[in-house]
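For reference, the structure is listed below as structure tokens.
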Amino acid sequence: MPRLSVTIIALNQEENIVPCLESAAFADEIVLVDTGSTDRTVELARGFTDRIFTVDWRGFGATKNFALEQATGDWIFSLDTDERVPPALRQEILEVVCNNGPLAGYRVPRKNYFCGRWVRRAGWYPDLTLRLFRRGQGRFREREVHEEVVVDGPVGELKTPLEHYSYHSISEYVARMDRYARLAARELAKAGRRPLAGELFWRPFLTFVQRYFLKLGVLEGRTGYTVSVLAGMYTFLKYYYLRQLLDEASHAHRS
């Protein structure tokens, strides 16, 4: 019988780790990689698995790949600590694993929540993401942020969405947005990306227009407006930090 491993990376997630692991308890194995928690994350996780590893932070992609390398199941399901696997999705996953396929990987939709509300529009749903795949046939791109699984083989889709309780407040969103924008800027700089004329003005504006009007965030009321504005802010920060990095590199070179 094929076996399933759920892989998770964590850092100071004591508020999330128990419901996350409860939703993953159907797996044959749970692999948790902790990157230096100072709260009760590891202590609480021991109630669900003894496959716990502590490593230094390597970036999202590299840390998740380390978790994959520790897994022993025939199939992998990658789960974040702020996500939950509902019963219907659990059943779909088990059907794939028990039947051993037939595909190499499967995307799942995500129900993304903002301040307790499921956001159906503004580009927040269905938010398909590849999470279930055969061990040895999938690996995360080793990027600073917005990592994704690349699978060697055909890919399908499951129907039931993951539940993603991503942001409980605007302050939480803003704090994480700044961190992700800095990481994304580093990725752009490593790729040789150069600033474009007027980019700090028109890119954030176009992002807002796309989310609020073209992707119908306007139908989400105040929440749709808020997440569309925040998306524009993220875009601004990403390209602002890119310019900052390039200016610092140029100054260092001249020195």
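Going through the structure tokens in order, the chains are called A, B, and so on, while each chain numbers its residues from 1 and the ligands are numbered from 1 in the order shown.
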
Could you pull out the alpha helix (DSSP H) residues of segment 22-136 of chain A from DSSP and send them as a ChimeraX atom specification? /A:22-23,41-45,60-70,87-98

Take the residues that were just selected and, keeping C-alpha atoms, output them as a JSON list (two decimals), in the first residue's frame.
```json
[["chain", "number", "residue", "atom", "x", "y", "z"],
["A", 22, "GLU", "CA", -4.71, 17.74, 13.61],
["A", 23, "SER", "CA", -5.82, 18.24, 10.02],
["A", 41, "THR", "CA", 5.90, 24.98, 18.54],
["A", 42, "VAL", "CA", 8.20, 21.95, 18.83],
["A", 43, "GLU", "CA", 6.81, 20.89, 22.19],
["A", 44, "LEU", "CA", 3.25, 20.87, 20.84],
["A", 45, "ALA", "CA", 4.29, 19.14, 17.62],
["A", 60, "PHE", "CA", 11.48, 28.99, 1.71],
["A", 61, "GLY", "CA", 12.32, 26.75, -1.22],
["A", 62, "ALA", "CA", 15.50, 25.23, 0.22],
["A", 63, "THR", "CA", 13.94, 24.63, 3.64],
["A", 64, "LYS", "CA", 10.93, 22.90, 2.10],
["A", 65, "ASN", "CA", 13.25, 20.78, -0.03],
["A", 66, "PHE", "CA", 15.09, 19.71, 3.11],
["A", 67, "ALA", "CA", 11.73, 18.58, 4.51],
["A", 68, "LEU", "CA", 11.09, 16.58, 1.31],
["A", 69, "GLU", "CA", 14.45, 14.85, 1.70],
["A", 70, "GLN", "CA", 13.46, 13.60, 5.17],
["A", 87, "PRO", "CA", -12.31, 16.12, 5.46],
["A", 88, "ALA", "CA", -13.39, 16.17, 1.80],
["A", 89, "LEU", "CA", -9.87, 17.10, 0.65],
["A", 90, "ARG", "CA", -8.41, 14.45, 2.93],
["A", 91, "GLN", "CA", -10.59, 11.87, 1.16],
["A", 92, "GLU", "CA", -9.46, 13.07, -2.28],
["A", 93, "ILE", "CA", -5.80, 12.88, -1.25],
["A", 94, "LEU", "CA", -6.18, 9.38, 0.15],
["A", 95, "GLU", "CA", -7.92, 8.20, -3.04],
["A", 96, "VAL", "CA", -4.95, 9.39, -5.11],
["A", 97, "VAL", "CA", -2.43, 7.78, -2.76],
["A", 98, "CYS", "CA", -4.29, 4.47, -2.42]]
```

Would you mind listing, for every residue of segment 16-59 of chain A within 6 Å of segment 2-5 of chain A, the two atoms forming the shortest contact and the distance between them in Å to one decimal, using only C-alpha atoms, sorted by chain and ascending residue number, as JSON lines?
```
{"residue": "A:Ala27", "atom": "CA", "partner": "A:Leu4", "partner_atom": "CA", "distance": 5.5}
{"residue": "A:Asp28", "atom": "CA", "partner": "A:Leu4", "partner_atom": "CA", "distance": 5.3}
{"residue": "A:Glu29", "atom": "CA", "partner": "A:Ser5", "partner_atom": "CA", "distance": 4.7}
{"residue": "A:Ile30", "atom": "CA", "partner": "A:Ser5", "partner_atom": "CA", "distance": 5.7}
```

Using only C-alpha atoms, find the one residue out of A:Asn112, A:Thr235, A:Thr160, A:Ser228 that sits nearest to Pro86 of chain A.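 Of all the options, A:Thr160 lies closest to Pro86 of chain A.
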
What's the separation between atom CA of Ile9 of chain A and atom CA of Phe48 of chain A, in Å to one decimal place?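 Rounded to one decimal, the two atoms are 14.5 Å apart.
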
For Arg211 of chain A, which residue out of A:Ile17, A:Ala122, A:Ala10, A:Val151 is the nearest one, using only C-alpha atoms?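 Of A:Ile17, A:Ala122, A:Ala10, A:Val151, the one nearest Arg211 of chain A is A:Ala122, counting only C-alpha atoms.
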
If you run DSSP over the backbone, which residues in segment 41-250 of chain A end up strand (DSSP E)? Put them as a VMD selection string. chain A and resid 52 to 54 75 to 78 83 to 84 105 to 108 110 to 114 117 to 118 129 to 134 138 to 140 149 to 151 155 to 157 162 to 167

Could you jot down the atom CA of Leu216 of chain A to atom CA of Tyr234 of chain A separation for me, Å, one decimal place?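 Going from atom CA of Leu216 of chain A over to atom CA of Tyr234 of chain A, I get 18.9 Å.
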
If we count only C-alpha atoms, what is near Arg84 of chain A at a cut-off of 9 Å, once residues fewer than 3 positions away on the same chain are taken out, given as a list in words?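 Counting only the stated atoms, we get Pro19, Cys20, Leu21, Glu22, Ser23, Ala24, Leu79, Asp80, Thr81, Leu162, Glu163, His164 and Tyr165 of chain A.
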
For the residues in that selection, give me N, CA and C atoms as a PDB file, in the first residue's frame.
```pdb
ATOM      1  N   PRO A  19      -3.897  22.898  15.342  1.00  0.00           N
ATOM      2  CA  PRO A  19      -4.936  22.652  14.328  1.00  0.00           C
ATOM      3  C   PRO A  19      -4.382  22.216  12.985  1.00  0.00           C
ATOM      4  N   CYS A  20      -3.200  22.706  12.630  1.00  0.00           N
ATOM      5  CA  CYS A  20      -2.567  22.275  11.381  1.00  0.00           C
ATOM      6  C   CYS A  20      -2.268  20.782  11.421  1.00  0.00           C
ATOM      7  N   LEU A  21      -1.608  20.332  12.502  1.00  0.00           N
ATOM      8  CA  LEU A  21      -1.244  18.923  12.613  1.00  0.00           C
ATOM      9  C   LEU A  21      -2.455  18.022  12.810  1.00  0.00           C
ATOM     10  N   GLU A  22      -3.472  18.518  13.484  1.00  0.00           N
ATOM     11  CA  GLU A  22      -4.706  17.743  13.611  1.00  0.00           C
ATOM     12  C   GLU A  22      -5.302  17.455  12.243  1.00  0.00           C
ATOM     13  N   SER A  23      -5.244  18.439  11.354  1.00  0.00           N
ATOM     14  CA  SER A  23      -5.817  18.244  10.019  1.00  0.00           C
ATOM     15  C   SER A  23      -4.960  17.335   9.153  1.00  0.00           C
ATOM     16  N   ALA A  24      -3.677  17.146   9.541  1.00  0.00           N
ATOM     17  CA  ALA A  24      -2.756  16.296   8.776  1.00  0.00           C
ATOM     18  C   ALA A  24      -2.589  14.913   9.388  1.00  0.00           C
ATOM     19  N   LEU A  79       2.320  21.139   3.342  1.00  0.00           N
ATOM     20  CA  LEU A  79       1.302  21.906   4.057  1.00  0.00           C
ATOM     21  C   LEU A  79       1.973  23.033   4.828  1.00  0.00           C
ATOM     22  N   ASP A  80       1.357  24.223   4.805  1.00  0.00           N
ATOM     23  CA  ASP A  80       1.843  25.340   5.610  1.00  0.00           C
ATOM     24  C   ASP A  80       1.121  25.362   6.951  1.00  0.00           C
ATOM     25  N   THR A  81       1.739  25.985   7.955  1.00  0.00           N
ATOM     26  CA  THR A  81       1.170  25.947   9.301  1.00  0.00           C
ATOM     27  C   THR A  81      -0.148  26.702   9.422  1.00  0.00           C
ATOM     28  N   LEU A 162      -8.003  23.662   0.054  1.00  0.00           N
ATOM     29  CA  LEU A 162      -7.354  23.855   1.348  1.00  0.00           C
ATOM     30  C   LEU A 162      -7.955  25.099   1.993  1.00  0.00           C
ATOM     31  N   GLU A 163      -7.997  25.116   3.313  1.00  0.00           N
ATOM     32  CA  GLU A 163      -8.420  26.312   4.029  1.00  0.00           C
ATOM     33  C   GLU A 163      -7.171  27.040   4.522  1.00  0.00           C
ATOM     34  N   HIS A 164      -7.014  28.283   4.066  1.00  0.00           N
ATOM     35  CA  HIS A 164      -5.795  29.044   4.333  1.00  0.00           C
ATOM     36  C   HIS A 164      -6.135  30.276   5.165  1.00  0.00           C
ATOM     37  N   TYR A 165      -5.796  30.225   6.448  1.00  0.00           N
ATOM     38  CA  TYR A 165      -6.080  31.338   7.361  1.00  0.00           C
ATOM     39  C   TYR A 165      -4.838  32.219   7.425  1.00  0.00           C
TER      40      TYR A 165
END
```

With distances taken over only C-alpha atoms, which residue among A:Asp127, A:Asp39, A:Arg243, A:Gln210 lies nearest Val229 of chain A?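 Distance minimum relative to Val229 of chain A lands on A:Gln210.
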